[in-house]
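Text of protein-v5.txt, listed as compact mmCIF, C-alpha atoms:
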# COMPACT_ATOMS: atom_id res chain seq x y z
CA MET J 1 -16.29 -11.26 20.59
CA GLU J 2 -14.65 -14.67 20.94
CA GLN J 3 -11.49 -15.13 18.94
CA ARG J 4 -11.62 -18.04 16.56
CA THR J 5 -8.70 -20.43 16.34
CA TYR J 6 -7.57 -23.29 14.13
CA ASN J 7 -6.32 -25.16 17.21
CA GLN J 8 -3.22 -26.29 15.36
CA TYR J 9 0.30 -26.25 16.74
CA CYS J 10 1.66 -24.84 13.50
CA ALA J 11 3.35 -21.49 12.86
CA THR J 12 1.12 -20.75 9.85
CA ALA J 13 -2.05 -21.58 11.76
CA ARG J 14 -0.95 -19.56 14.79
CA THR J 15 -0.25 -16.57 12.53
CA LEU J 16 -3.64 -16.86 10.87
CA ASP J 17 -5.23 -17.00 14.32
CA LEU J 18 -3.78 -13.51 14.81
CA VAL J 19 -4.26 -11.86 11.42
CA GLY J 20 -6.59 -14.10 9.44
CA GLU J 21 -9.89 -12.47 10.40
CA ARG J 22 -11.62 -10.25 7.84
CA TRP J 23 -10.19 -6.68 7.71
CA THR J 24 -7.26 -7.44 10.03
CA LEU J 25 -4.54 -7.56 7.37
CA LEU J 26 -6.00 -4.49 5.68
CA LEU J 27 -5.72 -2.63 8.97
CA ILE J 28 -2.08 -3.67 9.13
CA ARG J 29 -1.67 -2.49 5.53
CA GLU J 30 -2.91 0.94 6.58
CA LEU J 31 -0.67 1.13 9.64
CA LEU J 32 2.44 0.06 7.72
CA THR J 33 2.53 3.56 6.22
CA GLY J 34 2.69 5.19 9.66
CA PRO J 35 0.45 6.03 12.62
CA ARG J 36 -3.18 6.63 11.69
CA ARG J 37 -6.09 8.19 13.52
CA PHE J 38 -9.32 6.25 13.96
CA SER J 39 -10.99 8.60 11.47
CA ASP J 40 -8.17 8.05 8.95
CA LEU J 41 -8.73 4.31 9.13
CA GLN J 42 -12.47 4.76 8.69
CA ALA J 43 -11.91 6.88 5.58
CA SER J 44 -9.51 4.36 4.02
CA LEU J 45 -11.52 1.24 4.88
CA ARG J 46 -14.96 2.06 3.58
CA GLY J 47 -17.37 -0.71 4.41
CA LEU J 48 -15.79 -1.43 7.77
CA GLY J 49 -18.24 -0.32 10.44
CA THR J 50 -17.21 1.70 13.47
CA GLY J 51 -17.88 -1.14 15.91
CA LEU J 52 -15.95 -3.73 13.95
CA LEU J 53 -13.05 -1.33 13.40
CA ALA J 54 -12.84 -0.71 17.14
CA ALA J 55 -12.97 -4.46 17.79
CA ARG J 56 -10.21 -5.21 15.29
CA LEU J 57 -7.99 -2.49 16.75
CA LYS J 58 -8.52 -3.86 20.25
CA HIS J 59 -7.59 -7.30 18.96
CA LEU J 60 -4.35 -5.96 17.44
CA GLU J 61 -3.55 -4.18 20.71
CA ARG J 62 -4.30 -7.25 22.82
CA GLU J 63 -2.09 -9.44 20.65
CA GLY J 64 0.83 -6.99 20.68
CA LEU J 65 0.64 -6.03 17.00
CA ALA J 66 -0.53 -2.42 17.42
CA CYS J 67 -0.58 0.21 20.14
CA LYS J 68 -2.03 3.63 20.87
CA THR J 69 0.20 6.63 20.25
CA THR J 70 0.00 10.40 19.86
CA LEU J 71 0.78 12.14 16.60
CA PRO J 72 3.56 14.73 16.80
CA ALA J 73 2.89 18.47 16.77
CA PRO J 74 1.01 20.25 15.41
CA ALA J 75 -1.60 17.44 15.34
CA ARG J 76 -1.06 16.00 18.84
CA THR J 77 -4.07 13.69 18.40
CA ALA J 78 -4.56 10.06 19.38
CA ALA J 79 -3.62 7.48 16.78
CA TYR J 80 -2.66 3.84 16.32
CA ALA J 81 0.72 2.49 15.28
CA LEU J 82 2.26 -0.92 14.70
CA THR J 83 4.53 -2.50 17.27
CA PRO J 84 7.82 -4.07 16.10
CA ALA J 85 5.97 -7.40 15.76
CA GLY J 86 3.26 -5.79 13.63
CA ALA J 87 5.80 -3.97 11.47
CA GLU J 88 7.51 -7.28 10.66
CA LEU J 89 4.36 -8.23 8.74
CA GLY J 90 5.34 -5.62 6.15
CA PRO J 91 7.12 -8.04 3.78
CA VAL J 92 4.14 -10.42 4.02
CA VAL J 93 1.72 -7.68 2.95
CA LEU J 94 4.03 -6.59 0.12
CA HIS J 95 4.34 -10.17 -1.13
CA LEU J 96 0.55 -10.48 -1.09
CA ALA J 97 0.33 -7.25 -3.11
CA ARG J 98 2.81 -8.54 -5.70
CA TRP J 99 0.95 -11.85 -5.92
CA GLY J 100 -2.31 -9.97 -6.36
CA LEU J 101 -0.96 -7.82 -9.18
CA LYS J 102 0.03 -10.99 -11.02
CA TRP J 103 -2.84 -13.32 -10.20
CA ALA J 104 -5.82 -11.41 -8.83
CA MET J 105 -6.26 -7.83 -10.06
CA GLY J 106 -7.82 -7.85 -13.51
CA GLU J 107 -10.21 -5.04 -14.34
CA ARG J 108 -11.68 -2.85 -11.63
CA ARG J 109 -15.23 -3.86 -10.75
CA PRO J 110 -17.90 -1.13 -10.63
CA GLU J 111 -18.56 -1.65 -6.92
CA GLU J 112 -14.89 -1.56 -5.89
CA THR J 113 -13.58 1.50 -4.06
CA PHE J 114 -10.08 2.88 -4.46
CA HIS J 115 -8.09 5.11 -2.14
CA PRO J 116 -5.04 6.89 -3.62
CA GLY J 117 -3.21 6.47 -0.30
CA TRP J 118 -2.90 2.76 -1.04
CA ALA J 119 -0.31 3.74 -3.64
CA VAL J 120 2.22 4.23 -0.83
CA LEU J 121 2.61 0.47 -0.40
CA GLY J 122 1.98 -0.05 -4.11
CA LEU J 123 5.15 1.89 -4.92
CA GLU J 124 7.15 -0.33 -2.58
CA ALA J 125 5.55 -3.51 -3.94
CA CYS J 126 6.50 -2.64 -7.54
CA PHE J 127 9.90 -1.11 -6.85
CA ASP J 128 12.87 -2.62 -8.71
CA PRO J 129 15.96 -2.09 -6.49
CA GLN J 130 18.41 -3.05 -9.24
CA LYS J 131 17.22 -0.14 -11.37
CA ALA J 132 17.94 2.28 -8.52
CA ALA J 133 21.32 1.02 -7.36
CA ASP J 134 23.06 4.28 -8.33
CA LEU J 135 20.15 6.68 -7.88
CA THR J 136 19.29 9.18 -5.17
CA ALA J 137 16.08 11.09 -5.80
CA VAL J 138 12.88 12.24 -4.12
CA TYR J 139 9.63 11.87 -6.04
CA GLU J 140 6.33 13.50 -5.13
CA PHE J 141 3.10 12.03 -6.45
CA ARG J 142 -0.14 14.00 -6.48
CA VAL J 143 -2.91 11.49 -7.11
CA GLY J 144 -6.30 13.17 -7.11
CA ASP J 145 -6.58 14.88 -3.72
CA GLU J 146 -3.87 12.71 -2.15
CA VAL J 147 -0.19 13.65 -1.93
CA LEU J 148 2.54 11.12 -1.23
CA HIS J 149 6.24 10.89 -1.83
CA ALA J 150 9.02 8.36 -2.20
CA VAL J 151 12.69 8.69 -1.29
CA VAL J 152 14.86 6.50 -3.50
CA GLU J 153 18.44 5.95 -2.39
CA ALA J 154 21.00 3.33 -3.37
CA GLY J 155 18.51 0.62 -4.29
CA THR J 156 16.03 1.30 -1.50
CA ILE J 157 12.71 3.09 -1.34
CA ALA J 158 10.82 4.71 1.52
CA ALA J 159 7.32 5.83 0.55
CA GLN J 160 5.18 7.96 2.85
CA HIS J 161 1.97 9.96 2.95
CA GLY J 162 2.25 13.70 2.53
CA PRO J 163 4.34 16.07 0.40
CA ALA J 164 8.11 15.97 0.11
CA GLN J 165 10.14 18.88 1.45
CA ARG J 166 12.37 19.14 -1.61
CA PRO J 167 11.15 16.84 -4.41
CA ASP J 168 13.44 16.31 -7.37
CA ALA J 169 10.44 15.48 -9.53
CA THR J 170 6.66 15.82 -9.16
CA ILE J 171 4.02 13.73 -10.91
CA THR J 172 0.40 14.89 -11.00
CA ILE J 173 -2.34 12.51 -12.16
CA GLY J 174 -6.05 11.98 -11.61
CA GLU J 175 -7.33 9.10 -9.51
CA ASP J 176 -9.02 7.23 -12.37
CA ASP J 177 -6.00 7.53 -14.64
CA PHE J 178 -3.73 6.34 -11.83
CA VAL J 179 -5.90 3.23 -11.49
CA ARG J 180 -5.45 2.62 -15.21
CA LEU J 181 -1.68 2.42 -14.68
CA THR J 182 -2.10 -0.77 -12.66
CA GLY J 183 -3.65 -2.51 -15.66
CA GLY J 184 -0.36 -2.58 -17.54
CA ASN J 185 -1.84 -1.31 -20.83
CA PHE J 186 -1.54 2.36 -19.88
CA THR J 187 1.85 3.71 -18.86
CA LEU J 188 2.91 6.93 -17.18
CA ALA J 189 4.44 7.99 -20.49
CA ASP J 190 1.04 7.44 -22.13
CA ALA J 191 -0.62 9.49 -19.41
CA ILE J 192 1.81 12.38 -19.88
CA LYS J 193 1.54 12.22 -23.66
CA THR J 194 -2.26 12.38 -23.58
CA GLY J 195 -2.35 15.10 -20.93
CA ALA J 196 -3.80 12.81 -18.26
CA ALA J 197 -0.68 13.44 -16.16
CA SER J 198 2.03 16.05 -15.86
CA ALA J 199 5.64 15.72 -14.77
CA THR J 200 7.96 18.49 -13.62
CA GLY J 201 11.41 18.64 -12.08
CA ASP J 202 14.89 17.31 -12.70
CA ARG J 203 15.16 15.68 -16.12
CA THR J 204 17.45 12.88 -14.96
CA ALA J 205 15.12 11.97 -12.08
CA LEU J 206 12.14 11.94 -14.46
CA ARG J 207 13.99 9.85 -17.02
CA ARG J 208 15.00 7.28 -14.37
CA LEU J 209 11.46 7.11 -12.98
CA LYS J 210 10.27 5.02 -15.91
CA GLY J 211 12.38 2.02 -14.92
CA LEU J 212 11.99 2.17 -11.14
CA PHE J 213 8.63 0.41 -10.90
CA ARG J 214 7.83 -2.86 -12.58
CA LEU J 215 4.37 -4.41 -12.65
CA PRO J 216 4.34 -8.22 -12.81
CA THR J 217 2.80 -9.63 -15.96
CA PRO J 218 -0.81 -10.64 -15.16
CA GLU J 219 -1.54 -14.35 -15.48
CA ASP J 220 -4.75 -16.36 -15.60
CA ARG J 221 -5.27 -18.58 -12.54
CA ALA J 222 -7.73 -20.73 -14.49
CA GLN J 223 -5.07 -21.82 -16.98
CA PRO J 224 -2.65 -24.18 -15.23
CA LYS J 225 0.76 -24.52 -16.83
CA LEU J 226 1.84 -27.99 -17.85

Please rewrite the model in this file as structure tokens.
Amino acid sequence: MEQRTYNQYCATARTLDLVGERWTLLLIRELLTGPRRFSDLQASLRGLGTGLLAARLKHLEREGLACKTTLPAPARTAAYALTPAGAELGPVVLHLARWGLKWAMGERRPEETFHPGWAVLGLEACFDPQKAADLTAVYEFRVGDEVLHAVVEAGTIAAQHGPAQRPDATITIGEDDFVRLTGGNFTLADAIKTGAASATGDRTALRRLKGLFRLPTPEDRAQPKL
């Protein structure tokens, strides 16, 4: 497959030559949360065929953005991981996510899929560091069949797939109700009050959780401001 190019001596154009093809940035989104097996990527990127997935991964390898690796024991299976150059695209992906929450999300369309694992980067995209300047806590989120956790420490957050070893607080919520949280009209407090979610653990950690994540106010792209 011949790589398309803008043929422009411009940093933006050169970057888009590398990551502007369909599915490429979404592959980077998946790998930003850690090494992933080929089957993991297939499961998260429904609609991306096996052949095209293999081609996109080869492209990322060839361009020095991803590499093959082996997962640690007990898995010890082949996987893909980002190189330092690929990992530096993290802030770009997070900025795109924040922009999308403000300008692009709206209501979920019937044909749109959702994978709870995407919440790993979603937590980082919505994190408010000022609200966590004096906080150290580990939160575990059980969203449908997916488990993820976030370590909050001194204004920083590190979110990862999988359970936490010693969570200070645990939130359990269904997949559909979690999606409703992104709309802004349904809060975690609402979910707990109605029984759609449950929260257990340290009371201080649970109380502070409310202010740690801030969704941008959605705006209408079709209404330009004067």

Residue neighbourhood region 194-206 of chain J, 12 Å, all atoms listed in the file, exclusion window fewer than 4 positions, as a PyMOL selection string: chain J and resi 132+134-144+151-153+166-181+186-190+210-212

Output C-alpha atoms for every residue in the selection just made, as a PDB file, in the coordinates of the input.
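What ended up in again-v9.pdb:
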ATOM      1  CA  ALA J 132      17.940   2.280  -8.520  1.00  0.00           C
ATOM      2  CA  ASP J 134      23.060   4.280  -8.330  1.00  0.00           C
ATOM      3  CA  LEU J 135      20.150   6.680  -7.880  1.00  0.00           C
ATOM      4  CA  THR J 136      19.290   9.180  -5.170  1.00  0.00           C
ATOM      5  CA  ALA J 137      16.080  11.090  -5.800  1.00  0.00           C
ATOM      6  CA  VAL J 138      12.880  12.240  -4.120  1.00  0.00           C
ATOM      7  CA  TYR J 139       9.630  11.870  -6.040  1.00  0.00           C
ATOM      8  CA  GLU J 140       6.330  13.500  -5.130  1.00  0.00           C
ATOM      9  CA  PHE J 141       3.100  12.030  -6.450  1.00  0.00           C
ATOM     10  CA  ARG J 142      -0.140  14.000  -6.480  1.00  0.00           C
ATOM     11  CA  VAL J 143      -2.910  11.490  -7.110  1.00  0.00           C
ATOM     12  CA  GLY J 144      -6.300  13.170  -7.110  1.00  0.00           C
ATOM     13  CA  VAL J 151      12.690   8.690  -1.290  1.00  0.00           C
ATOM     14  CA  VAL J 152      14.860   6.500  -3.500  1.00  0.00           C
ATOM     15  CA  GLU J 153      18.440   5.950  -2.390  1.00  0.00           C
ATOM     16  CA  ARG J 166      12.370  19.140  -1.610  1.00  0.00           C
ATOM     17  CA  PRO J 167      11.150  16.840  -4.410  1.00  0.00           C
ATOM     18  CA  ASP J 168      13.440  16.310  -7.370  1.00  0.00           C
ATOM     19  CA  ALA J 169      10.440  15.480  -9.530  1.00  0.00           C
ATOM     20  CA  THR J 170       6.660  15.820  -9.160  1.00  0.00           C
ATOM     21  CA  ILE J 171       4.020  13.730 -10.910  1.00  0.00           C
ATOM     22  CA  THR J 172       0.400  14.890 -11.000  1.00  0.00           C
ATOM     23  CA  ILE J 173      -2.340  12.510 -12.160  1.00  0.00           C
ATOM     24  CA  GLY J 174      -6.050  11.980 -11.610  1.00  0.00           C
ATOM     25  CA  GLU J 175      -7.330   9.100  -9.510  1.00  0.00           C
ATOM     26  CA  ASP J 176      -9.020   7.230 -12.370  1.00  0.00           C
ATOM     27  CA  ASP J 177      -6.000   7.530 -14.640  1.00  0.00           C
ATOM     28  CA  PHE J 178      -3.730   6.340 -11.830  1.00  0.00           C
ATOM     29  CA  VAL J 179      -5.900   3.230 -11.490  1.00  0.00           C
ATOM     30  CA  ARG J 180      -5.450   2.620 -15.210  1.00  0.00           C
ATOM     31  CA  LEU J 181      -1.680   2.420 -14.680  1.00  0.00           C
ATOM     32  CA  PHE J 186      -1.540   2.360 -19.880  1.00  0.00           C
ATOM     33  CA  THR J 187       1.850   3.710 -18.860  1.00  0.00           C
ATOM     34  CA  LEU J 188       2.910   6.930 -17.180  1.00  0.00           C
ATOM     35  CA  ALA J 189       4.440   7.990 -20.490  1.00  0.00           C
ATOM     36  CA  ASP J 190       1.040   7.440 -22.130  1.00  0.00           C
ATOM     37  CA  LYS J 210      10.270   5.020 -15.910  1.00  0.00           C
ATOM     38  CA  GLY J 211      12.380   2.020 -14.920  1.00  0.00           C
ATOM     39  CA  LEU J 212      11.990   2.170 -11.140  1.00  0.00           C
TER      40      LEU J 212
END

Computed interatomic separation between CA of Glu88 (chain J) and CA of Gln165 (chain J) (Å): 27.9 Å

With a distance cut-off of 12 Å and all atoms listed in the file, select the neighbouring residues of Leu123 (chain J), excluding the residue or stretch itself and same-chain residues fewer than 5 positions from it, and output the selection as a short mmCIF file (atom, residue, chain, number, x, y, z; two decimals) with C-alpha atoms, keeping the file's coordinate frame.
data_model
loop_
_atom_site.label_atom_id
_atom_site.label_comp_id
_atom_site.auth_asym_id
_atom_site.auth_seq_id
_atom_site.Cartn_x
_atom_site.Cartn_y
_atom_site.Cartn_z
CA THR J 33 2.53 3.56 6.22
CA LEU J 94 4.03 -6.59 0.12
CA ALA J 97 0.33 -7.25 -3.11
CA ARG J 98 2.81 -8.54 -5.70
CA PRO J 116 -5.04 6.89 -3.62
CA GLY J 117 -3.21 6.47 -0.30
CA TRP J 118 -2.90 2.76 -1.04
CA ASP J 128 12.87 -2.62 -8.71
CA PRO J 129 15.96 -2.09 -6.49
CA TYR J 139 9.63 11.87 -6.04
CA GLU J 140 6.33 13.50 -5.13
CA PHE J 141 3.10 12.03 -6.45
CA LEU J 148 2.54 11.12 -1.23
CA HIS J 149 6.24 10.89 -1.83
CA ALA J 150 9.02 8.36 -2.20
CA VAL J 151 12.69 8.69 -1.29
CA VAL J 152 14.86 6.50 -3.50
CA THR J 156 16.03 1.30 -1.50
CA ILE J 157 12.71 3.09 -1.34
CA ALA J 158 10.82 4.71 1.52
CA ALA J 159 7.32 5.83 0.55
CA GLN J 160 5.18 7.96 2.85
CA HIS J 161 1.97 9.96 2.95
CA LEU J 181 -1.68 2.42 -14.68
CA THR J 182 -2.10 -0.77 -12.66
CA LEU J 209 11.46 7.11 -12.98
CA LEU J 212 11.99 2.17 -11.14
CA PHE J 213 8.63 0.41 -10.90
CA ARG J 214 7.83 -2.86 -12.58
CA LEU J 215 4.37 -4.41 -12.65
#

d(CA of Arg62 (chain J), CA of Val120 (chain J)) in Å: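 Separating CA of Arg62 (chain J) from CA of Val120 (chain J) is a distance of 27.1 Å.
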
Atomic separation - CA of Leu25 (chain J) relative to CA of Pro72 (chain J), Å: 25.5 Å

Nearest residue to Arg208 (chain J) from the set J:Arg76, J:Arg108, J:Arg46, J:Lys131 (distances using only C-alpha atoms):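 Comparing J:Arg76, J:Arg108, J:Arg46, J:Lys131 against Arg208 (chain J), the winner is J:Lys131.
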
Pick from J:Ala133, J:Pro110, J:Ala78, J:Gly122, whichever lies nearest to Asp40 (chain J) using only C-alpha atoms: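 Nearest candidate to Asp40 (chain J) out of J:Ala133, J:Pro110, J:Ala78, J:Gly122: J:Ala78.
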
Closest of J:Val147, J:Thr83, J:Trp103, J:His115 to Gln42 (chain J) - atom-to-atom distances counting all atoms listed in the file: J:His115

Residue nearest Leu60 (chain J) - candidates J:Ile192, J:Tyr80, J:Ala13, J:Gly90, atoms counted: only C-alpha atoms: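 Ranking J:Ile192, J:Tyr80, J:Ala13, J:Gly90 by distance to Leu60 (chain J), first place goes to J:Tyr80.
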
Given all atoms listed in the file as the counted atoms, nearest of J:Leu48, J:Leu121, J:Ile28, J:Val93 to Ala81 (chain J):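 Among J:Leu48, J:Leu121, J:Ile28, J:Val93, it is J:Ile28 that comes nearest to Ala81 (chain J).
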
Shortest interatomic distance to Leu65 (chain J) - which of J:Ala125, J:Ser44, J:Pro91, J:Pro84, counting all atoms listed in the file: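 When distances to Leu65 (chain J) are compared using all atoms listed in the file, the smallest one comes from J:Pro84.
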
Neighbour list for Pro216 (chain J) as JSON, numbers by chain, cut-off 9 Å, only C-alpha atoms, skip fewer than 4 positions in-chain: {"J": [98, 99, 101, 102, 126, 184]}

Could you rebuild region 186-214 of chain J with N, CA and C atoms and give me the result as a tab-separated table (two decimals), in the coordinates of the input?
chain	number	residue	atom	x	y	z
J	186	PHE	N	-1.57	0.91	-19.88
J	186	PHE	CA	-1.54	2.36	-19.88
J	186	PHE	C	-0.38	2.78	-18.99
J	187	THR	N	0.64	3.38	-19.59
J	187	THR	CA	1.85	3.71	-18.86
J	187	THR	C	1.85	5.19	-18.46
J	188	LEU	N	2.78	5.53	-17.57
J	188	LEU	CA	2.91	6.93	-17.18
J	188	LEU	C	3.27	7.78	-18.38
J	189	ALA	N	4.10	7.25	-19.28
J	189	ALA	CA	4.44	7.99	-20.49
J	189	ALA	C	3.19	8.25	-21.33
J	190	ASP	N	2.30	7.25	-21.41
J	190	ASP	CA	1.04	7.44	-22.13
J	190	ASP	C	0.21	8.54	-21.48
J	191	ALA	N	0.17	8.51	-20.14
J	191	ALA	CA	-0.62	9.49	-19.41
J	191	ALA	C	-0.10	10.91	-19.64
J	192	ILE	N	1.22	11.05	-19.66
J	192	ILE	CA	1.81	12.38	-19.88
J	192	ILE	C	1.58	12.82	-21.32
J	193	LYS	N	1.71	11.89	-22.25
J	193	LYS	CA	1.54	12.22	-23.66
J	193	LYS	C	0.12	12.67	-23.97
J	194	THR	N	-0.86	12.05	-23.32
J	194	THR	CA	-2.26	12.38	-23.58
J	194	THR	C	-2.77	13.53	-22.72
J	195	GLY	N	-1.93	14.01	-21.80
J	195	GLY	CA	-2.35	15.10	-20.93
J	195	GLY	C	-3.05	14.64	-19.67
J	196	ALA	N	-3.16	13.33	-19.46
J	196	ALA	CA	-3.80	12.81	-18.26
J	196	ALA	C	-2.92	13.00	-17.03
J	197	ALA	N	-1.63	13.22	-17.26
J	197	ALA	CA	-0.68	13.44	-16.16
J	197	ALA	C	0.32	14.51	-16.57
J	198	SER	N	0.96	15.09	-15.59
J	198	SER	CA	2.03	16.05	-15.86
J	198	SER	C	3.23	15.69	-15.00
J	199	ALA	N	4.41	16.03	-15.48
J	199	ALA	CA	5.64	15.72	-14.77
J	199	ALA	C	6.56	16.93	-14.82
J	200	THR	N	7.05	17.35	-13.68
J	200	THR	CA	7.96	18.49	-13.62
J	200	THR	C	9.14	18.14	-12.73
J	201	GLY	N	10.25	18.86	-12.94
J	201	GLY	CA	11.41	18.64	-12.08
J	201	GLY	C	12.65	18.27	-12.85
J	202	ASP	N	13.59	17.67	-12.14
J	202	ASP	CA	14.89	17.31	-12.70
J	202	ASP	C	14.73	16.28	-13.82
J	203	ARG	N	15.34	16.56	-14.96
J	203	ARG	CA	15.16	15.68	-16.12
J	203	ARG	C	15.73	14.28	-15.89
J	204	THR	N	16.85	14.20	-15.21
J	204	THR	CA	17.45	12.88	-14.96
J	204	THR	C	16.55	12.06	-14.05
J	205	ALA	N	16.02	12.68	-12.99
J	205	ALA	CA	15.12	11.97	-12.08
J	205	ALA	C	13.87	11.50	-12.82
J	206	LEU	N	13.33	12.33	-13.69
J	206	LEU	CA	12.14	11.94	-14.46
J	206	LEU	C	12.46	10.82	-15.44
J	207	ARG	N	13.62	10.90	-16.07
J	207	ARG	CA	13.99	9.85	-17.02
J	207	ARG	C	14.17	8.51	-16.31
J	208	ARG	N	14.77	8.52	-15.12
J	208	ARG	CA	15.00	7.28	-14.37
J	208	ARG	C	13.71	6.71	-13.78
J	209	LEU	N	12.72	7.57	-13.59
J	209	LEU	CA	11.46	7.11	-12.98
J	209	LEU	C	10.82	5.97	-13.75
J	210	LYS	N	10.92	6.02	-15.07
J	210	LYS	CA	10.27	5.02	-15.91
J	210	LYS	C	10.66	3.59	-15.56
J	211	GLY	N	11.92	3.38	-15.18
J	211	GLY	CA	12.38	2.02	-14.92
J	211	GLY	C	12.35	1.59	-13.47
J	212	LEU	N	11.91	2.48	-12.57
J	212	LEU	CA	11.99	2.17	-11.14
J	212	LEU	C	10.90	1.22	-10.67
J	213	PHE	N	9.77	1.19	-11.37
J	213	PHE	CA	8.63	0.41	-10.90
J	213	PHE	C	8.22	-0.56	-12.00
J	214	ARG	N	8.12	-1.82	-11.61
J	214	ARG	CA	7.83	-2.86	-12.58
J	214	ARG	C	6.62	-3.67	-12.14
